[in-house]
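> My questions all concern the structure below.
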Amino acid sequence: MTEKRIIAHRGLPTLAPENTLANFELMPQYNVNWLETDLGITKDEQVVVLHDDYLDRTTNGSGALTATNFKNLETYSAGSWFAKSFAHAKVPTLDQLVQFLNRTKINVNIELKAVIGPNANALADRLVAQFALAIDALDPGIDLIVSSFNPIMLLKLKRLRPNVKFAVLFENHTFYEDWTLIMQAVGAKIIHPQNEGLTKATVQAMKAYGYEVNVWTVDRIDRANELFNWGVDSIFTNIADQFSAIQSGAK
Ligand code: G3P
Ligand code: MG
């Protein structure tokens, strides 16, 4: 296994419920030093760590995050869906995430989820404004990449914190030939394409633009090696614990 950057997608989601502190706290013991995680915002403007627009899949609550007040959200379990032993897990706040990162010095790719609902634009502004302050509170030794599928979220943050490292996410079905236009409009130097269907020629085109290329989500070691041999810089994976063991020669 080539020594390349392995990024833990939503933490170590085969071992513990994704995007919870109970999950992230497992990372140091597996020598995983890059985390990918997702931010959203509640109806009453609390920024939290959640992948989906809705609560239903990863909590025992239901409905849109942007239709939920934090005092209700914090009564829900974010772990009982995974295993009874994680029933105590909650949806983390952005502040809790920053405290975790500053304590462990784990590097992070924070993905800004596009905000949905009738108040979406104002809530997106509040998410980005609070995130900008969180960036200021982050230990300067922590490497930070901010990504989004939605260029507007990145441009909102860029107005507030122009020197952050920005990455644009692309799904394979949206990967039209305008990707260079979007990258240049955002001023991003890092591209996050989807793994499925990604070809050597496309990776080479991205590298020819001078972009850092980080591919999501790669759960096969042979595919990871192929991508790294093509010049990819990082992979996101759901099994960073297993990749880490291979890299360190533990198995
Ligand atoms: O950032 C890589 C990957 O997390 C993007 O997709 O849906 O898992 O957030 P998603
Ligand atoms: Mg993500």
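In the structure tokens, each chain is lettered A, B, ... as it comes, each chain's residues begin at 1, and ligands are numbered from 1 in order of appearance.
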Per DSSP on the backbone, filter region 2-245 of chain A down to the residues in strand (DSSP E) and report them as a PDB file with N, CA and C atoms, in the first residue's frame.


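This went into selection.pdb:
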```pdb
ATOM      1  N   ARG A   5      -2.478   9.937   1.512  1.00  0.00           N
ATOM      2  CA  ARG A   5      -3.403  10.438   2.532  1.00  0.00           C
ATOM      3  C   ARG A   5      -4.721   9.648   2.520  1.00  0.00           C
ATOM      4  N   ILE A   6      -5.037   9.119   3.701  1.00  0.00           N
ATOM      5  CA  ILE A   6      -6.271   8.356   3.898  1.00  0.00           C
ATOM      6  C   ILE A   6      -7.178   9.203   4.793  1.00  0.00           C
ATOM      7  N   ILE A   7      -8.375   9.498   4.309  1.00  0.00           N
ATOM      8  CA  ILE A   7      -9.288  10.380   5.055  1.00  0.00           C
ATOM      9  C   ILE A   7     -10.490   9.552   5.513  1.00  0.00           C
ATOM     10  N   ALA A   8     -10.744   9.604   6.804  1.00  0.00           N
ATOM     11  CA  ALA A   8     -11.806   8.795   7.413  1.00  0.00           C
ATOM     12  C   ALA A   8     -13.167   9.441   7.139  1.00  0.00           C
ATOM     13  N   HIS A   9     -13.930   8.798   6.269  1.00  0.00           N
ATOM     14  CA  HIS A   9     -15.210   9.328   5.794  1.00  0.00           C
ATOM     15  C   HIS A   9     -16.275   9.201   6.886  1.00  0.00           C
ATOM     16  N   TRP A  34      -6.752  11.905   9.567  1.00  0.00           N
ATOM     17  CA  TRP A  34      -7.587  12.808   8.757  1.00  0.00           C
ATOM     18  C   TRP A  34      -9.043  12.380   8.871  1.00  0.00           C
ATOM     19  N   LEU A  35      -9.877  13.337   9.213  1.00  0.00           N
ATOM     20  CA  LEU A  35     -11.324  13.123   9.350  1.00  0.00           C
ATOM     21  C   LEU A  35     -12.066  13.920   8.284  1.00  0.00           C
ATOM     22  N   GLU A  36     -13.067  13.283   7.681  1.00  0.00           N
ATOM     23  CA  GLU A  36     -14.043  14.020   6.862  1.00  0.00           C
ATOM     24  C   GLU A  36     -15.355  14.007   7.610  1.00  0.00           C
ATOM     25  N   THR A  37     -15.971  15.197   7.719  1.00  0.00           N
ATOM     26  CA  THR A  37     -17.258  15.261   8.392  1.00  0.00           C
ATOM     27  C   THR A  37     -18.103  16.385   7.797  1.00  0.00           C
ATOM     28  N   ASP A  38     -19.378  16.400   8.169  1.00  0.00           N
ATOM     29  CA  ASP A  38     -20.367  17.229   7.478  1.00  0.00           C
ATOM     30  C   ASP A  38     -21.053  18.175   8.458  1.00  0.00           C
ATOM     31  N   LEU A  39     -21.341  19.380   8.019  1.00  0.00           N
ATOM     32  CA  LEU A  39     -22.028  20.352   8.877  1.00  0.00           C
ATOM     33  C   LEU A  39     -23.385  20.734   8.311  1.00  0.00           C
ATOM     34  N   GLY A  40     -24.348  20.871   9.230  1.00  0.00           N
ATOM     35  CA  GLY A  40     -25.660  21.418   8.897  1.00  0.00           C
ATOM     36  C   GLY A  40     -26.077  22.391   9.993  1.00  0.00           C
ATOM     37  N   ILE A  41     -27.307  22.916   9.899  1.00  0.00           N
ATOM     38  CA  ILE A  41     -27.761  23.910  10.874  1.00  0.00           C
ATOM     39  C   ILE A  41     -29.222  23.662  11.226  1.00  0.00           C
ATOM     40  N   VAL A  47     -25.205  25.170  14.718  1.00  0.00           N
ATOM     41  CA  VAL A  47     -24.468  24.401  13.711  1.00  0.00           C
ATOM     42  C   VAL A  47     -24.068  23.059  14.314  1.00  0.00           C
ATOM     43  N   VAL A  48     -24.382  21.992  13.592  1.00  0.00           N
ATOM     44  CA  VAL A  48     -24.153  20.636  14.100  1.00  0.00           C
ATOM     45  C   VAL A  48     -23.545  19.748  13.025  1.00  0.00           C
ATOM     46  N   VAL A  49     -23.043  18.604  13.495  1.00  0.00           N
ATOM     47  CA  VAL A  49     -22.392  17.613  12.627  1.00  0.00           C
ATOM     48  C   VAL A  49     -23.441  16.585  12.207  1.00  0.00           C
ATOM     49  N   ASN A 107      -6.365  16.214  11.579  1.00  0.00           N
ATOM     50  CA  ASN A 107      -6.647  17.104  10.441  1.00  0.00           C
ATOM     51  C   ASN A 107      -8.062  16.845   9.934  1.00  0.00           C
ATOM     52  N   VAL A 108      -8.617  17.841   9.244  1.00  0.00           N
ATOM     53  CA  VAL A 108     -10.042  17.701   8.955  1.00  0.00           C
ATOM     54  C   VAL A 108     -10.439  18.291   7.605  1.00  0.00           C
ATOM     55  N   ASN A 109     -11.307  17.559   6.921  1.00  0.00           N
ATOM     56  CA  ASN A 109     -12.053  18.085   5.776  1.00  0.00           C
ATOM     57  C   ASN A 109     -13.485  18.268   6.246  1.00  0.00           C
ATOM     58  N   ILE A 110     -13.893  19.511   6.322  1.00  0.00           N
ATOM     59  CA  ILE A 110     -15.270  19.798   6.728  1.00  0.00           C
ATOM     60  C   ILE A 110     -16.084  20.100   5.486  1.00  0.00           C
ATOM     61  N   GLU A 111     -17.148  19.310   5.325  1.00  0.00           N
ATOM     62  CA  GLU A 111     -18.032  19.482   4.171  1.00  0.00           C
ATOM     63  C   GLU A 111     -19.253  20.294   4.592  1.00  0.00           C
ATOM     64  N   LEU A 112     -19.468  21.393   3.898  1.00  0.00           N
ATOM     65  CA  LEU A 112     -20.642  22.226   4.162  1.00  0.00           C
ATOM     66  C   LEU A 112     -21.791  21.691   3.325  1.00  0.00           C
ATOM     67  N   LEU A 144      -6.748  22.050   7.405  1.00  0.00           N
ATOM     68  CA  LEU A 144      -8.191  22.155   7.166  1.00  0.00           C
ATOM     69  C   LEU A 144      -8.458  22.312   5.676  1.00  0.00           C
ATOM     70  N   ILE A 145      -9.379  21.489   5.169  1.00  0.00           N
ATOM     71  CA  ILE A 145      -9.931  21.672   3.824  1.00  0.00           C
ATOM     72  C   ILE A 145     -11.435  21.835   3.988  1.00  0.00           C
ATOM     73  N   VAL A 146     -12.000  22.829   3.343  1.00  0.00           N
ATOM     74  CA  VAL A 146     -13.457  23.029   3.380  1.00  0.00           C
ATOM     75  C   VAL A 146     -14.003  22.681   2.005  1.00  0.00           C
ATOM     76  N   SER A 147     -14.993  21.781   1.986  1.00  0.00           N
ATOM     77  CA  SER A 147     -15.539  21.336   0.706  1.00  0.00           C
ATOM     78  C   SER A 147     -17.048  21.479   0.687  1.00  0.00           C
ATOM     79  N   SER A 148     -17.597  21.440  -0.534  1.00  0.00           N
ATOM     80  CA  SER A 148     -19.049  21.388  -0.691  1.00  0.00           C
ATOM     81  C   SER A 148     -19.368  20.958  -2.115  1.00  0.00           C
ATOM     82  N   LYS A 165      -8.433  26.682   2.516  1.00  0.00           N
ATOM     83  CA  LYS A 165      -8.269  25.783   1.361  1.00  0.00           C
ATOM     84  C   LYS A 165      -9.644  25.235   0.962  1.00  0.00           C
ATOM     85  N   PHE A 166     -10.081  25.585  -0.235  1.00  0.00           N
ATOM     86  CA  PHE A 166     -11.415  25.186  -0.700  1.00  0.00           C
ATOM     87  C   PHE A 166     -11.325  24.023  -1.678  1.00  0.00           C
ATOM     88  N   ALA A 167     -12.305  23.114  -1.570  1.00  0.00           N
ATOM     89  CA  ALA A 167     -12.412  21.997  -2.511  1.00  0.00           C
ATOM     90  C   ALA A 167     -13.852  21.897  -3.004  1.00  0.00           C
ATOM     91  N   VAL A 168     -14.006  21.608  -4.285  1.00  0.00           N
ATOM     92  CA  VAL A 168     -15.348  21.400  -4.832  1.00  0.00           C
ATOM     93  C   VAL A 168     -15.572  19.899  -4.998  1.00  0.00           C
ATOM     94  N   LEU A 169     -16.734  19.434  -4.495  1.00  0.00           N
ATOM     95  CA  LEU A 169     -17.147  18.039  -4.632  1.00  0.00           C
ATOM     96  C   LEU A 169     -17.957  17.863  -5.912  1.00  0.00           C
ATOM     97  N   PHE A 170     -17.705  16.760  -6.594  1.00  0.00           N
ATOM     98  CA  PHE A 170     -18.488  16.431  -7.796  1.00  0.00           C
ATOM     99  C   PHE A 170     -18.980  14.987  -7.702  1.00  0.00           C
ATOM    100  N   ILE A 190      -8.393  22.461  -5.116  1.00  0.00           N
ATOM    101  CA  ILE A 190      -8.562  21.064  -4.710  1.00  0.00           C
ATOM    102  C   ILE A 190      -9.893  20.571  -5.265  1.00  0.00           C
ATOM    103  N   ILE A 191      -9.862  19.381  -5.870  1.00  0.00           N
ATOM    104  CA  ILE A 191     -11.091  18.811  -6.430  1.00  0.00           C
ATOM    105  C   ILE A 191     -11.381  17.475  -5.765  1.00  0.00           C
ATOM    106  N   HIS A 192     -12.652  17.232  -5.461  1.00  0.00           N
ATOM    107  CA  HIS A 192     -13.087  15.999  -4.800  1.00  0.00           C
ATOM    108  C   HIS A 192     -14.086  15.268  -5.691  1.00  0.00           C
ATOM    109  N   PRO A 193     -13.598  14.497  -6.661  1.00  0.00           N
ATOM    110  CA  PRO A 193     -14.505  13.736  -7.531  1.00  0.00           C
ATOM    111  C   PRO A 193     -14.945  12.424  -6.899  1.00  0.00           C
ATOM    112  N   GLU A 212      -5.027  19.527  -6.525  1.00  0.00           N
ATOM    113  CA  GLU A 212      -4.972  18.380  -5.617  1.00  0.00           C
ATOM    114  C   GLU A 212      -6.244  17.581  -5.852  1.00  0.00           C
ATOM    115  N   VAL A 213      -6.111  16.256  -5.947  1.00  0.00           N
ATOM    116  CA  VAL A 213      -7.255  15.395  -6.274  1.00  0.00           C
ATOM    117  C   VAL A 213      -7.498  14.412  -5.120  1.00  0.00           C
ATOM    118  N   ASN A 214      -8.658  14.555  -4.495  1.00  0.00           N
ATOM    119  CA  ASN A 214      -9.042  13.690  -3.369  1.00  0.00           C
ATOM    120  C   ASN A 214     -10.345  12.990  -3.739  1.00  0.00           C
ATOM    121  N   VAL A 215     -10.329  11.663  -3.772  1.00  0.00           N
ATOM    122  CA  VAL A 215     -11.426  10.883  -4.362  1.00  0.00           C
ATOM    123  C   VAL A 215     -12.263  10.221  -3.269  1.00  0.00           C
ATOM    124  N   SER A 234      -5.371  11.840  -2.305  1.00  0.00           N
ATOM    125  CA  SER A 234      -6.017  11.287  -1.107  1.00  0.00           C
ATOM    126  C   SER A 234      -7.217  10.462  -1.529  1.00  0.00           C
ATOM    127  N   ILE A 235      -7.581   9.554  -0.651  1.00  0.00           N
ATOM    128  CA  ILE A 235      -8.888   8.907  -0.800  1.00  0.00           C
ATOM    129  C   ILE A 235      -9.667   9.069   0.501  1.00  0.00           C
ATOM    130  N   PHE A 236     -10.978   9.193   0.348  1.00  0.00           N
ATOM    131  CA  PHE A 236     -11.905   9.091   1.470  1.00  0.00           C
ATOM    132  C   PHE A 236     -12.336   7.632   1.539  1.00  0.00           C
ATOM    133  N   THR A 237     -12.393   7.104   2.758  1.00  0.00           N
ATOM    134  CA  THR A 237     -12.798   5.709   2.891  1.00  0.00           C
ATOM    135  C   THR A 237     -13.583   5.493   4.176  1.00  0.00           C
TER     136      THR A 237
END
```

> Tell me, as a PDB file with N, CA and C atoms, in the first residue's frame, which residues lie within 6 Å of Gln194 (chain A), counting only C-alpha atoms; anything in the same chain fewer than 6 positions away does not count.


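This is the output file out06.pdb:
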```pdb
ATOM      1  N   GLU A 171     -20.270  14.798  -8.021  1.00  0.00           N
ATOM      2  CA  GLU A 171     -20.813  13.445  -8.184  1.00  0.00           C
ATOM      3  C   GLU A 171     -20.629  13.041  -9.636  1.00  0.00           C
ATOM      4  N   ASN A 172     -20.465  11.744  -9.885  1.00  0.00           N
ATOM      5  CA  ASN A 172     -20.153  11.352 -11.269  1.00  0.00           C
ATOM      6  C   ASN A 172     -21.264  11.761 -12.240  1.00  0.00           C
ATOM      7  N   VAL A 215     -10.329  11.663  -3.772  1.00  0.00           N
ATOM      8  CA  VAL A 215     -11.426  10.883  -4.362  1.00  0.00           C
ATOM      9  C   VAL A 215     -12.263  10.221  -3.269  1.00  0.00           C
ATOM     10  N   TRP A 216     -13.588  10.336  -3.426  1.00  0.00           N
ATOM     11  CA  TRP A 216     -14.523   9.692  -2.490  1.00  0.00           C
ATOM     12  C   TRP A 216     -15.380   8.698  -3.251  1.00  0.00           C
TER      13      TRP A 216
END
```

> Tell me, as a ChimeraX atom specification, which residues lie within 10 Å of Tyr76 (chain A), counting only C-alpha atoms; anything in the same chain fewer than 5 positions away does not count.

/A:55,58-62,71,87-91

> Limited to C-alpha atoms, could you put the picked residues into a file as a short mmCIF file (atom, residue, chain, number, x, y, z; two decimals), in the first residue's frame?


```
data_model
loop_
_atom_site.label_atom_id
_atom_site.label_comp_id
_atom_site.auth_asym_id
_atom_site.auth_seq_id
_atom_site.Cartn_x
_atom_site.Cartn_y
_atom_site.Cartn_z
CA LEU A 55 -32.88 13.23 10.97
CA THR A 58 -29.06 8.47 11.76
CA THR A 59 -31.14 9.55 14.76
CA ASN A 60 -34.34 8.42 16.44
CA GLY A 61 -35.90 11.76 15.52
CA SER A 62 -37.52 12.64 12.22
CA LYS A 71 -33.43 21.63 22.31
CA ALA A 87 -27.62 4.91 22.49
CA HIS A 88 -26.00 7.74 24.48
CA ALA A 89 -24.45 9.30 21.35
CA LYS A 90 -25.84 12.69 20.32
CA VAL A 91 -25.54 14.80 17.20
#
```

> Rounded to one decimal, what separation in Å do you get between CA of Leu26 (chain A) and CA of Ser80 (chain A)?

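These two atoms are separated by 17.6 Å.
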
> Calculated over only C-alpha atoms and all ligand atoms, which of the candidates A:Val218, A:Pro28, A:Thr14, A:Leu160 has the smallest distance to ligand 1?

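Of A:Val218, A:Pro28, A:Thr14, A:Leu160, the one nearest ligand 1 is A:Val218, counting only C-alpha atoms and all ligand atoms.
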
> Which residue, A:Asn225, A:Thr66, A:Gln247, A:Thr217, has the smallest gap to ligand 1 when you use only C-alpha atoms and all ligand atoms?

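Distance minimum relative to ligand 1 lands on A:Thr217.
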
> So which residues touch Val115 (chain A) within 10 Å, counting only C-alpha atoms, skipping near sequence neighbours fewer than 6 positions away, as an MDAnalysis selection string?

chainID A and resid 39:42 53 65:66 121:125 127 150 153

> For a quick check of understanding, using only C-alpha atoms and all ligand atoms, which of A:Ala16, A:Gly79, A:Asp52, A:Leu94 has the smallest distance to ligand 2?

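Nearest candidate to ligand 2 out of A:Ala16, A:Gly79, A:Asp52, A:Leu94: A:Asp52.
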
> If we count only C-alpha atoms, what is near Ile221 (chain A) at a cut-off of 12 Å, once residues fewer than 5 positions away on the same chain are taken out, given as a list of chain:residue names?

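Skipping anything fewer than 5 positions along the chain leaves A:Met1, A:Thr2, A:Ile6, A:Glu226, A:Leu227, A:Phe228, A:Ile235, A:Phe236, A:Thr237, A:Asn238, A:Ile239, A:Ala240, A:Gln242, A:Phe243, A:Ser244, A:Ala245, A:Ile246, A:Gln247.
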
> Export, as a PDB file, in the first residue's frame, the selected residues with C-alpha atoms.


```pdb
ATOM      1  CA  MET A   1       0.000   0.000   0.000  1.00  0.00           C
ATOM      2  CA  THR A   2       1.532   3.302  -1.078  1.00  0.00           C
ATOM      3  CA  ILE A   6      -6.271   8.356   3.898  1.00  0.00           C
ATOM      4  CA  GLU A 226      -4.822   2.224  -8.740  1.00  0.00           C
ATOM      5  CA  LEU A 227      -5.953   5.773  -7.959  1.00  0.00           C
ATOM      6  CA  PHE A 228      -2.717   6.598  -6.147  1.00  0.00           C
ATOM      7  CA  ILE A 235      -8.888   8.907  -0.800  1.00  0.00           C
ATOM      8  CA  PHE A 236     -11.905   9.091   1.470  1.00  0.00           C
ATOM      9  CA  THR A 237     -12.798   5.709   2.891  1.00  0.00           C
ATOM     10  CA  ASN A 238     -15.261   4.126   5.305  1.00  0.00           C
ATOM     11  CA  ILE A 239     -12.517   1.734   6.453  1.00  0.00           C
ATOM     12  CA  ALA A 240      -9.691   4.096   7.382  1.00  0.00           C
ATOM     13  CA  GLN A 242      -8.118  -1.029   7.995  1.00  0.00           C
ATOM     14  CA  PHE A 243      -6.075   1.144   5.607  1.00  0.00           C
ATOM     15  CA  SER A 244      -4.126   2.509   8.535  1.00  0.00           C
ATOM     16  CA  ALA A 245      -3.247  -0.984   9.749  1.00  0.00           C
ATOM     17  CA  ILE A 246      -1.963  -1.899   6.281  1.00  0.00           C
ATOM     18  CA  GLN A 247       0.145   1.249   6.011  1.00  0.00           C
TER      19      GLN A 247
END
```

> Skip Glu18 (chain A) itself and residues of its chain fewer than 5 positions away, then list as a PDB file with N, CA and C atoms, in the first residue's frame all residues within 9 Å of it, counting only C-alpha atoms.


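And here is the file that came out, result33.pdb:
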```pdb
ATOM      1  N   HIS A   9     -13.930   8.798   6.269  1.00  0.00           N
ATOM      2  CA  HIS A   9     -15.210   9.328   5.794  1.00  0.00           C
ATOM      3  C   HIS A   9     -16.275   9.201   6.886  1.00  0.00           C
ATOM      4  N   ARG A  10     -16.685  10.317   7.430  1.00  0.00           N
ATOM      5  CA  ARG A  10     -17.641  10.386   8.565  1.00  0.00           C
ATOM      6  C   ARG A  10     -17.072   9.660   9.787  1.00  0.00           C
ATOM      7  N   GLY A  11     -15.749   9.576   9.865  1.00  0.00           N
ATOM      8  CA  GLY A  11     -15.101   8.867  10.968  1.00  0.00           C
ATOM      9  C   GLY A  11     -14.826   7.427  10.577  1.00  0.00           C
ATOM     10  N   LEU A  12     -15.088   6.521  11.504  1.00  0.00           N
ATOM     11  CA  LEU A  12     -14.875   5.090  11.256  1.00  0.00           C
ATOM     12  C   LEU A  12     -16.241   4.412  11.315  1.00  0.00           C
ATOM     13  N   PRO A  13     -17.056   4.577  10.247  1.00  0.00           N
ATOM     14  CA  PRO A  13     -18.485   4.247  10.351  1.00  0.00           C
ATOM     15  C   PRO A  13     -18.812   2.767  10.374  1.00  0.00           C
ATOM     16  N   ASN A  23     -17.589   7.951  17.815  1.00  0.00           N
ATOM     17  CA  ASN A  23     -16.893   7.436  16.645  1.00  0.00           C
ATOM     18  C   ASN A  23     -15.532   8.120  16.495  1.00  0.00           C
ATOM     19  N   PHE A  24     -15.527   9.442  16.473  1.00  0.00           N
ATOM     20  CA  PHE A  24     -14.271  10.172  16.235  1.00  0.00           C
ATOM     21  C   PHE A  24     -13.217   9.823  17.288  1.00  0.00           C
ATOM     22  N   THR A  37     -15.971  15.197   7.719  1.00  0.00           N
ATOM     23  CA  THR A  37     -17.258  15.261   8.392  1.00  0.00           C
ATOM     24  C   THR A  37     -18.103  16.385   7.797  1.00  0.00           C
ATOM     25  N   LEU A  50     -23.877  16.667  10.955  1.00  0.00           N
ATOM     26  CA  LEU A  50     -24.876  15.710  10.455  1.00  0.00           C
ATOM     27  C   LEU A  50     -24.713  15.611   8.946  1.00  0.00           C
ATOM     28  N   HIS A  51     -24.794  14.387   8.439  1.00  0.00           N
ATOM     29  CA  HIS A  51     -24.649  14.213   6.993  1.00  0.00           C
ATOM     30  C   HIS A  51     -25.934  14.534   6.230  1.00  0.00           C
ATOM     31  N   THR A  58     -30.148   8.608  10.781  1.00  0.00           N
ATOM     32  CA  THR A  58     -29.062   8.473  11.762  1.00  0.00           C
ATOM     33  C   THR A  58     -29.431   8.965  13.159  1.00  0.00           C
ATOM     34  N   ALA A  78     -28.197   9.613  18.466  1.00  0.00           N
ATOM     35  CA  ALA A  78     -27.574   9.510  17.135  1.00  0.00           C
ATOM     36  C   ALA A  78     -26.819   8.193  17.008  1.00  0.00           C
ATOM     37  N   GLY A  79     -27.079   7.264  17.969  1.00  0.00           N
ATOM     38  CA  GLY A  79     -26.341   6.005  17.946  1.00  0.00           C
ATOM     39  C   GLY A  79     -27.180   4.759  18.102  1.00  0.00           C
ATOM     40  N   PHE A  82     -27.509   2.333  15.309  1.00  0.00           N
ATOM     41  CA  PHE A  82     -26.303   1.561  14.977  1.00  0.00           C
ATOM     42  C   PHE A  82     -26.151   0.373  15.920  1.00  0.00           C
TER      43      PHE A  82
END
```

> Gly141 (chain A): which residues within 10 Å, counting only C-alpha atoms, same-chain residues fewer than 6 positions away excluded, as an MDAnalysis selection string?

chainID A and resid 102 105:107

> Would you output that residue set with N, CA and C atoms, as a short mmCIF file (atom, residue, chain, number, x, y, z; two decimals), in the first residue's frame?


```cif
data_model
loop_
_atom_site.label_atom_id
_atom_site.label_comp_id
_atom_site.auth_asym_id
_atom_site.auth_seq_id
_atom_site.Cartn_x
_atom_site.Cartn_y
_atom_site.Cartn_z
N ASN A 102 -9.02 20.09 18.38
CA ASN A 102 -7.92 20.79 19.06
C ASN A 102 -7.22 19.90 20.07
N LYS A 105 -5.58 16.99 17.59
CA LYS A 105 -4.78 17.51 16.46
C LYS A 105 -5.02 16.69 15.18
N ILE A 106 -6.19 16.12 15.07
CA ILE A 106 -6.56 15.41 13.85
C ILE A 106 -6.89 16.43 12.77
N ASN A 107 -6.37 16.21 11.58
CA ASN A 107 -6.65 17.10 10.44
C ASN A 107 -8.06 16.85 9.93
#
```

> Can you list, as a PyMOL selection string, every residue of region 50-236 of chain A that DSSP puts in helix (DSSP H, G or I)?

chain A and resi 65-67+70-73+84-86+94-104+120-137+151-160+172-174+179-186+200-208+221-230

> Could you check the closest approach to Thr174 (chain A) for each of A:Tyr30, A:Tyr209, A:Phe86, A:Phe149 and tell me which residue wins, using only C-alpha atoms?

A:Phe149

> Which one of A:Lys113, A:Lys189, A:Lys4, A:Arg223 sits closest to ligand 1 if you count only C-alpha atoms and all ligand atoms?

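Of A:Lys113, A:Lys189, A:Lys4, A:Arg223, the one nearest ligand 1, counting only C-alpha atoms and all ligand atoms, is A:Lys113.
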